[in-house]
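Enquirer: So here's entry-v1.tsv, just TSV, C-alpha atoms and all ligand atoms:
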chain	number	residue	atom	x	y	z
K	4	MET	CA	59.47	25.42	-25.60
K	5	GLU	CA	58.00	24.48	-28.95
K	6	ASP	CA	59.18	26.65	-31.83
K	7	ARG	CA	55.90	27.98	-33.09
K	8	VAL	CA	54.47	30.68	-35.30
K	9	ARG	CA	51.78	32.90	-33.81
K	10	ILE	CA	48.84	33.66	-36.05
K	11	PHE	CA	47.73	37.30	-35.91
K	12	ASP	CA	44.36	37.68	-37.56
K	13	SER	CA	43.56	41.11	-38.95
K	14	THR	CA	40.30	40.19	-40.72
K	15	LEU	CA	38.48	42.71	-38.51
K	16	ARG	CA	41.01	45.51	-39.07
K	17	ASP	CA	42.99	45.35	-42.34
K	18	GLY	CA	40.44	42.91	-43.79
K	19	GLU	CA	37.61	45.28	-43.06
K	20	GLN	CA	39.51	48.04	-44.88
K	21	ALA	CA	38.72	46.24	-48.15
K	22	PRO	CA	36.58	48.48	-50.35
K	23	GLY	CA	32.89	48.25	-49.54
K	24	ILE	CA	33.12	46.26	-46.31
K	25	ALA	CA	31.58	47.76	-43.16
K	26	LEU	CA	30.84	45.39	-40.30
K	27	ASP	CA	28.65	46.47	-37.40
K	28	PRO	CA	29.61	45.55	-33.81
K	29	ASP	CA	27.36	42.45	-33.76
K	30	GLN	CA	28.95	41.12	-36.94
K	31	LYS	CA	32.45	41.82	-35.63
K	32	VAL	CA	31.72	40.02	-32.36
K	33	ALA	CA	30.33	37.03	-34.29
K	34	ILE	CA	33.45	36.81	-36.47
K	35	ALA	CA	35.78	37.32	-33.48
K	36	SER	CA	34.02	34.49	-31.60
K	37	GLN	CA	34.57	32.18	-34.57
K	38	LEU	CA	38.23	33.29	-34.79
K	39	ALA	CA	38.56	32.28	-31.13
K	40	ARG	CA	37.13	28.83	-31.98
K	41	LEU	CA	39.61	28.65	-34.86
K	42	GLY	CA	42.30	29.27	-32.28
K	43	VAL	CA	44.23	32.19	-33.73
K	44	ASP	CA	46.73	33.62	-31.24
K	45	ILE	CA	45.90	37.30	-31.69
K	46	ILE	CA	42.77	39.04	-33.00
K	47	GLU	CA	43.32	42.58	-34.23
K	48	ALA	CA	39.78	43.73	-33.49
K	49	GLY	CA	39.91	47.16	-35.11
K	50	PHE	CA	41.17	50.72	-35.11
K	51	PRO	CA	39.24	52.34	-32.22
K	52	ILE	CA	39.99	55.99	-33.07
K	53	SER	CA	38.66	55.54	-36.62
K	54	SER	CA	34.93	55.57	-35.77
K	55	PRO	CA	32.56	55.33	-32.80
K	56	GLY	CA	31.20	52.06	-34.20
K	57	ASP	CA	34.67	50.54	-34.42
K	58	PHE	CA	35.40	51.68	-30.86
K	59	ARG	CA	32.22	49.92	-29.67
K	60	ALA	CA	33.05	46.78	-31.65
K	61	VAL	CA	36.60	46.56	-30.25
K	62	THR	CA	35.31	47.20	-26.72
K	63	ARG	CA	32.73	44.42	-26.99
K	64	ILE	CA	35.24	41.95	-28.45
K	65	ALA	CA	37.66	42.74	-25.60
K	66	GLN	CA	34.88	42.11	-23.07
K	67	GLU	CA	33.16	39.12	-24.67
K	68	VAL	CA	35.70	37.06	-26.63
K	69	GLN	CA	37.90	34.75	-24.58
K	70	GLY	CA	41.10	33.01	-25.62
K	71	PRO	CA	43.15	35.05	-28.06
K	72	THR	CA	45.09	38.21	-27.32
K	73	ILE	CA	42.94	41.20	-28.38
K	74	ALA	CA	44.86	43.91	-30.25
K	75	ALA	CA	43.83	47.41	-31.30
K	76	LEU	CA	45.57	49.61	-33.83
K	77	ALA	CA	46.84	53.13	-33.10
K	78	ARG	CA	48.77	55.73	-35.04
K	79	ALA	CA	51.81	57.02	-33.14
K	80	GLN	CA	49.76	59.72	-31.45
K	81	ALA	CA	48.71	60.09	-27.81
K	82	LYS	CA	44.99	60.30	-28.56
K	83	ASP	CA	45.10	57.10	-30.68
K	84	VAL	CA	47.04	55.15	-28.06
K	85	ASP	CA	44.68	56.32	-25.30
K	86	ARG	CA	41.59	55.44	-27.34
K	87	ALA	CA	43.01	52.01	-28.24
K	88	TRP	CA	43.67	51.28	-24.59
K	89	GLU	CA	40.23	52.45	-23.54
K	90	ALA	CA	38.70	49.92	-25.96
K	91	ILE	CA	40.81	46.86	-25.07
K	92	ARG	CA	41.59	47.35	-21.40
K	93	HIS	CA	39.02	44.73	-20.29
K	94	ALA	CA	40.62	41.97	-22.36
K	95	ALA	CA	42.47	39.22	-20.49
K	96	ASP	CA	45.51	39.86	-22.69
K	97	PRO	CA	45.31	43.26	-24.41
K	98	ARG	CA	47.82	44.45	-27.01
K	99	ILE	CA	48.32	47.94	-28.43
K	100	HIS	CA	49.64	47.99	-31.99
K	101	VAL	CA	51.36	51.30	-32.83
K	102	PHE	CA	52.44	52.11	-36.37
K	103	LEU	CA	54.45	54.90	-37.99
K	104	ALA	CA	55.84	54.89	-41.52
K	105	THR	CA	59.57	54.76	-42.21
K	106	SER	CA	59.82	55.11	-46.01
K	107	ALA	CA	61.08	58.35	-47.56
K	108	ILE	CA	57.87	58.58	-49.62
K	109	HIS	CA	55.63	58.39	-46.57
K	110	MET	CA	57.85	60.57	-44.34
K	111	GLN	CA	58.04	63.35	-46.95
K	112	HIS	CA	54.54	63.36	-48.38
K	113	LYS	CA	52.32	62.03	-45.61
K	114	LEU	CA	54.02	62.60	-42.28
K	115	ARG	CA	56.24	65.61	-43.07
K	116	MET	CA	58.75	64.24	-40.58
K	117	ASP	CA	62.50	63.61	-40.79
K	118	GLU	CA	64.21	60.46	-39.49
K	119	GLU	CA	64.95	61.92	-36.08
K	120	GLU	CA	61.33	62.98	-35.57
K	121	VAL	CA	60.11	59.51	-36.57
K	122	ILE	CA	62.40	57.87	-34.01
K	123	THR	CA	61.35	60.28	-31.25
K	124	THR	CA	57.65	59.87	-32.05
K	125	VAL	CA	57.91	56.07	-32.03
K	126	LYS	CA	59.73	56.08	-28.69
K	127	THR	CA	57.20	58.44	-27.11
K	128	ASN	CA	54.13	56.54	-28.26
K	129	VAL	CA	55.42	53.00	-27.81
K	130	GLY	CA	56.42	54.18	-24.32
K	131	ARG	CA	52.93	55.56	-23.74
K	132	ALA	CA	51.38	52.25	-24.84
K	133	ARG	CA	53.80	50.34	-22.63
K	134	ASP	CA	52.64	52.36	-19.62
K	135	TYR	CA	49.20	50.82	-20.22
K	136	THR	CA	50.21	47.23	-21.09
K	137	GLU	CA	53.29	45.05	-21.40
K	138	ASN	CA	52.05	43.75	-24.74
K	139	VAL	CA	52.99	46.34	-27.38
K	140	GLU	CA	53.60	45.87	-31.09
K	141	TYR	CA	55.28	48.37	-33.36
K	142	SER	CA	55.07	48.45	-37.18
K	143	PRO	CA	57.27	50.63	-39.43
K	144	GLU	CA	54.64	51.16	-42.13
K	145	ASP	CA	55.92	50.70	-45.71
K	146	ALA	CA	59.02	48.95	-44.35
K	147	THR	CA	59.81	47.22	-47.63
K	148	ARG	CA	60.24	50.57	-49.42
K	149	SER	CA	62.27	52.01	-46.53
K	150	ASP	CA	66.03	52.22	-46.01
K	151	PRO	CA	66.76	48.91	-44.21
K	152	ASP	CA	69.29	50.64	-41.93
K	153	PHE	CA	66.56	53.03	-40.84
K	154	VAL	CA	64.02	50.21	-40.32
K	155	VAL	CA	66.51	48.51	-38.01
K	156	ALA	CA	67.21	51.78	-36.15
K	157	VAL	CA	63.51	52.54	-35.59
K	158	CYS	CA	62.74	48.98	-34.52
K	159	LEU	CA	65.62	49.08	-32.02
K	160	ALA	CA	64.21	52.32	-30.63
K	161	ALA	CA	60.74	50.74	-30.37
K	162	VAL	CA	62.10	47.70	-28.51
K	163	GLU	CA	64.07	49.98	-26.20
K	164	ALA	CA	60.82	51.85	-25.47
K	165	GLY	CA	59.06	48.58	-24.61
K	166	ALA	CA	57.74	46.97	-27.80
K	167	THR	CA	57.83	43.16	-27.66
K	168	THR	CA	56.66	42.52	-31.23
K	169	VAL	CA	58.19	44.27	-34.24
K	170	ASN	CA	56.14	43.78	-37.35
K	171	ILE	CA	57.63	44.46	-40.80
K	172	PRO	CA	54.81	45.44	-43.17
K	173	ASP	CA	55.00	45.09	-46.91
K	174	THR	CA	52.24	47.68	-46.93
K	175	VAL	CA	51.99	48.02	-50.70
K	176	GLY	CA	52.74	44.42	-51.71
K	177	TYR	CA	56.04	45.32	-53.36
K	178	ALA	CA	58.44	42.75	-51.91
K	179	THR	CA	59.65	39.50	-53.45
K	180	PRO	CA	60.20	36.42	-51.27
K	181	SER	CA	63.97	36.76	-51.44
K	182	ASP	CA	64.23	40.45	-50.60
K	183	TYR	CA	61.58	40.18	-47.90
K	184	GLY	CA	63.39	37.19	-46.36
K	185	THR	CA	66.64	39.17	-46.37
K	186	LEU	CA	65.04	42.14	-44.60
K	187	ILE	CA	63.37	39.89	-41.99
K	188	LYS	CA	66.66	38.11	-41.32
K	189	ARG	CA	68.36	41.46	-40.65
K	190	VAL	CA	65.64	42.46	-38.20
K	191	VAL	CA	65.82	39.05	-36.50
K	192	ASP	CA	69.62	39.29	-36.19
K	193	GLU	CA	69.93	42.97	-35.26
K	194	VAL	CA	66.71	43.81	-33.42
K	195	LYS	CA	65.55	40.60	-31.78
K	196	GLY	CA	69.06	39.28	-31.21
K	197	ASN	CA	69.01	36.97	-28.21
K	198	ARG	CA	65.90	38.38	-26.60
K	199	ASP	CA	63.35	35.62	-26.04
K	200	ASP	CA	60.61	38.15	-25.37
K	201	VAL	CA	60.87	39.91	-28.74
K	202	VAL	CA	58.97	38.46	-31.72
K	203	VAL	CA	59.55	39.50	-35.32
K	204	SER	CA	56.36	39.55	-37.38
K	205	THR	CA	55.33	39.60	-41.03
K	206	HIS	CA	52.48	41.56	-42.66
K	207	CYS	CA	52.14	41.14	-46.41
K	208	HIS	CA	49.84	42.34	-49.16
K	209	ASN	CA	48.91	40.50	-52.31
K	210	ASP	CA	49.35	43.15	-55.02
K	211	LEU	CA	51.69	40.83	-56.93
K	212	GLY	CA	50.07	37.62	-55.69
K	213	LEU	CA	53.06	37.05	-53.39
K	214	ALA	CA	51.61	37.65	-49.92
K	215	VAL	CA	51.64	34.01	-48.80
K	216	ALA	CA	55.00	33.27	-50.43
K	217	ASN	CA	56.52	36.35	-48.78
K	218	SER	CA	55.07	35.41	-45.38
K	219	LEU	CA	56.53	31.90	-45.63
K	220	ALA	CA	59.92	33.31	-46.70
K	221	ALA	CA	59.76	35.45	-43.55
K	222	VAL	CA	59.06	32.38	-41.40
K	223	GLU	CA	62.12	30.70	-42.93
K	224	ALA	CA	64.12	33.83	-42.06
K	225	GLY	CA	63.03	33.68	-38.41
K	226	ALA	CA	59.69	35.55	-38.19
K	227	ARG	CA	57.46	33.94	-35.57
K	228	GLN	CA	54.24	35.88	-36.07
K	229	VAL	CA	52.28	35.97	-39.32
K	230	GLU	CA	49.63	38.61	-39.88
K	231	GLY	CA	46.84	38.14	-42.38
K	232	ALA	CA	43.12	37.82	-42.95
K	233	ILE	CA	40.65	35.03	-43.56
K	234	ASN	CA	40.01	34.52	-47.30
K	235	GLY	CA	42.89	36.96	-47.87
K	236	ILE	CA	40.60	40.00	-47.73
K	237	GLY	CA	42.09	43.45	-47.17
K	238	GLU	CA	43.19	46.68	-48.82
K	239	ARG	CA	43.40	46.47	-52.66
K	240	ALA	CA	44.36	42.88	-53.63
K	241	GLY	CA	44.16	41.86	-49.98
K	242	ASN	CA	46.33	40.48	-47.18
K	243	THR	CA	48.09	37.21	-46.62
K	244	SER	CA	45.46	34.49	-46.53
K	245	ILE	CA	45.55	33.01	-43.02
K	246	GLU	CA	44.13	29.62	-44.08
K	247	GLU	CA	46.78	29.22	-46.79
K	248	VAL	CA	49.68	30.02	-44.44
K	249	VAL	CA	48.34	27.72	-41.73
K	250	MET	CA	47.87	24.77	-44.10
K	251	ALA	CA	51.26	25.35	-45.76
K	252	LEU	CA	52.90	25.21	-42.32
K	253	ARG	CA	50.92	22.06	-41.44
K	254	VAL	CA	51.10	20.14	-44.72
K	255	ARG	CA	54.76	21.05	-45.26
K	256	ALA	CA	55.86	20.80	-41.65
K	257	ASP	CA	58.80	18.85	-43.07
K	258	ALA	CA	59.94	21.99	-44.89
K	259	TYR	CA	59.18	24.66	-42.26
K	260	GLY	CA	59.63	22.76	-38.99
K	261	VAL	CA	57.52	25.13	-36.88
K	262	GLY	CA	54.27	24.54	-35.02
K	263	VAL	CA	51.05	26.47	-35.42
K	264	GLY	CA	48.26	26.38	-32.85
K	265	VAL	CA	45.17	26.59	-35.04
K	266	THR	CA	42.24	24.15	-35.04
K	267	THR	CA	42.28	23.62	-38.79
K	268	GLU	CA	38.90	21.84	-38.76
K	269	GLU	CA	37.33	25.28	-38.08
K	270	ILE	CA	38.85	26.86	-41.21
K	271	TYR	CA	35.94	26.28	-43.59
K	272	GLU	CA	33.31	27.48	-41.12
K	273	THR	CA	35.34	30.65	-40.50
K	274	SER	CA	35.83	31.26	-44.20
K	275	LYS	CA	32.10	30.90	-44.91
K	276	LEU	CA	31.14	33.21	-42.05
K	277	VAL	CA	33.57	35.93	-43.19
K	278	SER	CA	32.32	35.64	-46.77
K	279	GLU	CA	28.66	35.87	-45.68
K	280	GLN	CA	29.18	38.78	-43.32
K	281	THR	CA	31.38	40.83	-45.65
K	282	GLY	CA	29.52	40.00	-48.87
K	283	TYR	CA	32.83	39.05	-50.49
K	284	PRO	CA	32.45	35.80	-52.44
K	285	ILE	CA	35.19	33.16	-52.38
K	286	GLN	CA	36.62	32.46	-55.82
K	287	PHE	CA	35.84	28.90	-56.99
K	288	ASN	CA	39.50	27.92	-57.29
K	289	LYS	CA	40.68	29.62	-54.06
K	290	ALA	CA	43.27	27.44	-52.30
K	291	ILE	CA	42.02	25.60	-49.18
K	292	VAL	CA	38.47	27.04	-49.04
K	293	GLY	CA	37.28	27.46	-52.63
K	294	ARG	CA	34.40	25.19	-53.67
K	295	ASN	CA	36.77	23.46	-56.14
K	296	ALA	CA	39.70	23.09	-53.72
K	297	PHE	CA	38.84	19.38	-53.27
K	298	ALA	CA	36.73	18.81	-56.38
K	299	HIS	CA	37.67	16.53	-59.27
K	300	GLU	CA	36.10	16.46	-62.69
K	301	SER	CA	38.51	14.71	-64.99
K	302	GLY	CA	38.11	10.97	-65.37
K	303	ILE	CA	41.73	10.08	-64.66
K	304	HIS	CA	41.81	12.12	-61.44
K	305	GLN	CA	38.40	10.84	-60.35
K	306	HIS	CA	39.40	7.25	-60.89
K	307	GLY	CA	42.54	7.83	-58.82
K	308	VAL	CA	40.79	9.66	-55.98
K	309	LEU	CA	38.00	7.06	-55.77
K	310	ARG	CA	40.58	4.29	-55.44
K	311	GLU	CA	42.90	6.22	-53.10
K	312	ARG	CA	42.31	9.87	-52.19
K	313	THR	CA	46.01	10.74	-51.83
K	314	THR	CA	46.67	10.05	-55.52
K	315	TYR	CA	45.48	13.58	-56.30
K	316	GLU	CA	45.02	15.29	-52.91
K	317	ILE	CA	47.77	16.56	-50.59
K	318	MET	CA	45.30	17.43	-47.81
K	319	ASP	CA	42.25	15.73	-46.37
K	320	PRO	CA	39.26	18.07	-46.86
K	321	MET	CA	38.11	16.91	-43.39
K	322	ALA	CA	41.23	18.59	-41.96
K	323	VAL	CA	39.89	22.00	-42.98
K	324	GLY	CA	36.30	21.19	-42.04
K	325	MET	CA	35.10	20.80	-45.61
K	326	GLY	CA	33.63	17.31	-45.58
K	327	ASN	CA	34.42	14.85	-48.35
K	328	SER	CA	36.23	15.33	-51.64
K	329	VAL	CA	33.79	16.27	-54.36
K	330	ILE	CA	33.39	14.27	-57.54
K	331	VAL	CA	31.94	16.60	-60.15
K	332	ILE	CA	30.29	14.93	-63.11
K	333	GLY	CA	31.12	16.71	-66.36
K	334	LYS	CA	32.37	16.15	-69.88
K	335	HIS	CA	35.79	15.00	-68.63
K	336	SER	CA	34.38	12.42	-66.22
K	337	GLY	CA	34.78	8.69	-66.74
K	338	ARG	CA	32.77	5.58	-65.99
K	339	ALA	CA	34.26	5.08	-62.51
K	340	ALA	CA	33.00	8.47	-61.37
K	341	PHE	CA	29.63	8.04	-63.05
K	342	LYS	CA	29.17	4.68	-61.35
K	343	HIS	CA	30.17	6.30	-58.07
K	344	SER	CA	27.52	9.00	-58.43
K	345	LEU	CA	24.83	6.48	-59.29
K	346	ASP	CA	25.81	4.52	-56.15
K	347	GLN	CA	25.57	7.69	-54.09
K	348	LEU	CA	22.12	8.38	-55.49
K	349	GLY	CA	21.08	4.82	-54.71
K	350	ILE	CA	20.49	4.01	-58.38
K	351	GLU	CA	21.15	0.47	-59.55
K	352	VAL	CA	21.08	-0.27	-63.26
K	353	GLY	CA	22.16	-3.01	-65.61
K	354	ASP	CA	25.05	-2.68	-68.08
K	355	ALA	CA	22.96	-1.56	-71.05
K	356	VAL	CA	21.18	1.23	-69.18
K	357	PHE	CA	24.48	2.25	-67.58
K	358	GLU	CA	26.21	2.60	-70.97
K	359	ARG	CA	23.33	4.55	-72.49
K	360	SER	CA	23.06	6.81	-69.45
K	361	PHE	CA	26.80	7.43	-69.50
K	362	ALA	CA	26.70	8.39	-73.18
K	363	ARG	CA	23.70	10.66	-72.59
K	364	MET	CA	25.47	12.32	-69.61
K	365	LYS	CA	28.37	13.22	-71.93
K	366	GLU	CA	25.98	14.88	-74.38
K	367	VAL	CA	24.29	16.87	-71.65
K	368	ALA	CA	27.69	17.83	-70.15
K	369	ASP	CA	28.86	19.19	-73.49
K	370	HIS	CA	26.05	21.73	-73.21
K	371	SER	CA	25.92	22.49	-69.50
K	372	GLY	CA	29.38	21.83	-68.03
K	373	GLU	CA	28.50	20.30	-64.70
K	374	VAL	CA	25.81	17.63	-64.54
K	375	THR	CA	23.97	17.80	-61.21
K	376	PRO	CA	22.65	14.83	-59.21
K	377	ASP	CA	19.08	15.77	-60.20
K	378	GLU	CA	20.06	15.76	-63.86
K	379	ILE	CA	21.79	12.40	-63.46
K	380	ARG	CA	18.61	10.98	-61.97
K	381	ALA	CA	16.59	12.45	-64.87
K	382	ILE	CA	19.00	11.02	-67.43
K	383	VAL	CA	18.68	7.50	-66.03
K	384	GLU	CA	14.89	7.77	-65.83
K	385	GLU	CA	14.79	9.02	-69.40
K	386	VAL	CA	16.98	6.19	-70.63
K	387	ILE	CA	14.89	3.62	-68.81
K	388	SER	CA	11.64	5.02	-70.18
K	389	GLY	CA	13.15	5.70	-73.62
K	390	ILE	CA	11.78	9.21	-73.52
K	391	GLU	CA	13.77	12.37	-73.99
K	392	VAL	CA	13.07	14.95	-71.26
K	393	LEU	CA	16.19	17.05	-71.02
K	394	ASP	CA	17.00	20.32	-72.54
K	395	GLY	CA	15.57	19.88	-76.04
K	396	VAL	CA	18.71	18.00	-77.06
K	397	THR	CA	17.79	15.45	-79.68
K	398	ALA	CA	18.76	11.87	-79.14
K	399	SER	CA	16.63	8.83	-78.69
K	400	PHE	CA	16.97	5.50	-77.07
K	401	GLN	CA	14.96	2.62	-78.45
S	501	MN	MN	48.08	46.23	-44.23
Translate the structure of the given file into structure tokens.
Ligand SMILES: [Mn+2]
Expert:
Amino acid sequence: MEDRVRIFDSTLRDGEQAPGIALDPDQKVAIASQLARLGVDIIEAGFPISSPGDFRAVTRIAQEVQGPTIAALARAQAKDVDRAWEAIRHAADPRIHVFLATSAIHMQHKLRMDEEEVITTVKTNVGRARDYTENVEYSPEDATRSDPDFVVAVCLAAVEAGATTVNIPDTVGYATPSDYGTLIKRVVDEVKGNRDDVVVSTHCHNDLGLAVANSLAAVEAGARQVEGAINGIGERAGNTSIEEVVMALRVRADAYGVGVGVTTEEIYETSKLVSEQTGYPIQFNKAIVGRNAFAHESGIHQHGVLRERTTYEIMDPMAVGMGNSVIVIGKHSGRAAFKHSLDQLGIEVGDAVFERSFARMKEVADHSGEVTPDEIRAIVEEVISGIEVLDGVTASFQ
């Protein structure tokens, strides 16, 4: 069997917990359908006990969206587990995801439980979930600030009670790649052991900008499920960005040596849909899906990319569904790129007009940054007619 990493998408659960996002059931079904086209392995559709709307959304996704496993989140409480099951029971492959914190801070201040109570509660509720379905995941919340011995003990108890995925959350984004990798390796060695049916999973947050790096360190340490969200949305600074992990595993397959079953050509469409529906813009320089991820403005880079794309690109933008590389005309651009944009606009000019237009473009770019195709057209027309039309900038061509 191929050694592959499962992609667990939590855009509709942890992602939706980002401040200010509230998706209605229709929006959640639309995003889940696109996630199915993207080919993620598991969709965490929501947290059914949290609201009637979320219950309805998870129920509809379980009924209407085919392909991925459909997971629902539950605290380690009977009423949560029952409600989760009620929502997902019509899915072809339903999963209940039970979580209970294991850090001293959470046990003392939030749960008011000691270690023994945590273990008993996990066993009881993982067992309850397992009575409904064979596909049960357990997460020791705040694992990275927990005693590693205790994390291992609770995960062993969860597996004994029937969990087949143990997920190690860096709930507060505290871990570094090396300490997270060390913790994952311990769980792989001591909890998974030789069991083929148990998968160790990673769930990281980006408080220190390390979510993707931590997730990849976990894969190197033997994790075979990565949790995250499209565009990296989620609580506070967000979750692991699914598109970044997927493309890192693909582009650097030589380094990671594991497969991933995602149709990468659907990445851009998915990213746009999530941004539109949540109202969260994508930063210009966001890896993989930002509008500048495959854009080149400086003359040296443009010249290289126009001759041979791989001089300055490690990925083909087509591979993530983004279309062609973008040549942005600006103050750093050179003649090769300017000629290229004239060609694309269908403008043919002689050497003298070209040189004057190029010089004029540089002047305009000094003021406005990016020079758009419409402005380029106007510049050439102005040069040809000898009349200044742009921007009140004084220059004349005789
Ligand atoms: Mn989380």
Enquirer: Which of these, K:Val125, K:Ala226, K:Ala232, K:Val155, has the shortest distance to ligand MN 501 (chain S) once you count all atoms listed in the file?
Expert: K:Ala232
Enquirer: Measuring between all atoms listed in the file, which one of K:Ala21, K:Ala258, K:Val248, K:Met318 shows the shortest distance to ligand MN 501 (chain S)?
Expert: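 Looking at the shortest contact to ligand MN 501 (chain S), the residue is K:Ala21.
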Enquirer: Using only C-alpha atoms and all ligand atoms for the distances, tell me which of K:Ala339, K:Val374, K:Ala220, K:Val175 is nearest to ligand MN 501 (chain S).
Expert: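 Between K:Ala339, K:Val374, K:Ala220, K:Val175, the residue approaching ligand MN 501 (chain S) most closely is K:Val175.
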Enquirer: Could you please extract the residues within 7 Å of ligand MN 501 (chain S), counting only C-alpha atoms and all ligand atoms, and hand them back as a list of chain:residue names?
Expert: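 Result of the 7 Å neighbour search around ligand MN 501 (chain S): K:Asp17, K:Pro172, K:Thr174, K:His206, K:Cys207, K:His208, K:Glu238, K:Asn242.
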Enquirer: Just how far from CA of Asp83 in chain K is CA of Pro51 in chain K, in Å to one decimal?
Expert: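 According to the coordinates, CA of Pro51 in chain K and CA of Asp83 in chain K are separated by 7.7 Å.
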Enquirer: Between K:Lys126, K:Arg59, K:His109, K:Arg189, which has the minimum distance to Asp152 in chain K (counting all atoms listed in the file)?
Expert: K:Arg189
Enquirer: I'd like the interatomic distance between CA of Val367 in chain K and CA of His299 in chain K, to a tenth of an Å.
Expert: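 Between CA of Val367 in chain K and CA of His299 in chain K the gap is 18.2 Å.
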Enquirer: Rounded to one decimal place, report the CA of Glu119 in chain K-CA of Val157 in chain K distance in Å.
Expert: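 About the pair CA of Glu119 in chain K and CA of Val157 in chain K: they are 9.5 Å apart.
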Enquirer: Just the residues within 12 Å of Phe287 in chain K, please, counting only C-alpha atoms, with nothing from its chain fewer than 4 positions along; format it as number ranges by chain.
Expert: K: 234, 291-298
Enquirer: For Glu137 in chain K, which residue among K:Gly165, K:Pro180, K:Gly333, K:Pro376 is the nearest when counting all atoms listed in the file?
Expert: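 Among the listed residues, K:Gly165 lies closest to Glu137 in chain K.
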Enquirer: Let me make sure I understand: among K:Gln305, K:Asn217, K:Gln347, K:Thr168, which one has the smallest atom-to-atom distance to Ile330 in chain K if we use only C-alpha atoms?
Expert: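 Closest to Ile330 in chain K, using only C-alpha atoms: K:Gln305.
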Enquirer: Excluding Val190 in chain K and any residue of its chain fewer than 5 positions from it, enumerate the residues within 12 Å of it, using all atoms listed in the file, and give them as a PyMOL selection string.
Expert: chain K and resi 143+146+151-159+162+168-171+183-185+195-197+201-205+221+224-226
Enquirer: Here's a test: counting only C-alpha atoms, identify every protein, DNA and RNA residue with an atom at most 12 Å from (36.8, 26.4, -40.2) in the file's coordinate frame, and state them as a ChimeraX atom specification.
Expert: /K:34,37-43,233-234,245-246,249-250,265-277,291-292,320-326
Enquirer: Arg338 in chain K: which residues within 12 Å, counting only C-alpha atoms, same-chain residues fewer than 5 positions away excluded, as a PyMOL selection string?
Expert: chain K and resi 300-303+305-306+309+332-333+343-345+354+357-362+364-365
Enquirer: Pick out the residues sitting within 12 Å of Gly260 in chain K, and hand them over as a VMD selection string; count all atoms listed in the file, and ignore anything fewer than 2 positions along from it in its own chain.
Expert: chain K and resid 5 to 8 219 222 to 223 225 227 251 to 258 262 to 263
Enquirer: Using only C-alpha atoms, which residues sit within 10 Å of Ala94 in chain K once same-chain residues fewer than 2 positions away are excluded, as a list in words?
Expert: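 Near Ala94 in chain K, the qualifying residues are Val61, Thr62, Arg63, Ile64, Ala65, Gln66, Glu67, Val68, Gln69, Gly70, Pro71, Thr72, Ile73, Ala74, Ala90, Ile91, Arg92, Asp96, Pro97 and Arg98 of chain K.
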